[in-house]
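What follows is a set of notes on a single structure, which appears directly below.
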Amino acid sequence: MHQRHFTTYMQLLDASADNASYEEMARLILGIDPEREPERARNAARSHLDRVNWLVTAGYKELFAG
């Protein structure tokens with residue numbers, strides 16, 4: 001995993017733990033303006049958060065499987 005992605009995923013996990021909205025995550029972490037692009041912001045935040053949740057619950061096993 002690229003370092004930039006790791007940092008983004010950790011920021012999303014922190015924001016989620018702090019009960020940040022998808023709009024906040026999109027704006028502050030993903031750089032998407034939810035007022036200009038509400039659907040894109042919501043979809044991007046959801047998909048990234050889904051991916052990181054998968055990664056920390058199961059995906060890491062695939063990453064480190066030899």
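For the structure tokens, the naming scheme is as follows: chains receive sequential letters (A, B, ...) according to their order of presentation, residues are indexed from 1 within each chain, and ligands are indexed from 1 in presentation order.
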- Item | Exercise: stretch 30-38 of chain A partners within 12 Å, only C-alpha atoms, chain neighbours under 2 positions left out, as JSON, numbers by chain | {"A": [4, 5, 7, 8, 9, 11, 12, 15, 21, 22, 23, 24, 25, 26, 27, 28, 40, 41, 42, 43, 44, 45, 46, 47, 48, 49]}
- Item | Secondary structure check, alpha helix (DSSP H) residues of chain A, as a VMD selection string | chain A and resid 3 to 17 22 to 25 38 to 54 60 to 64
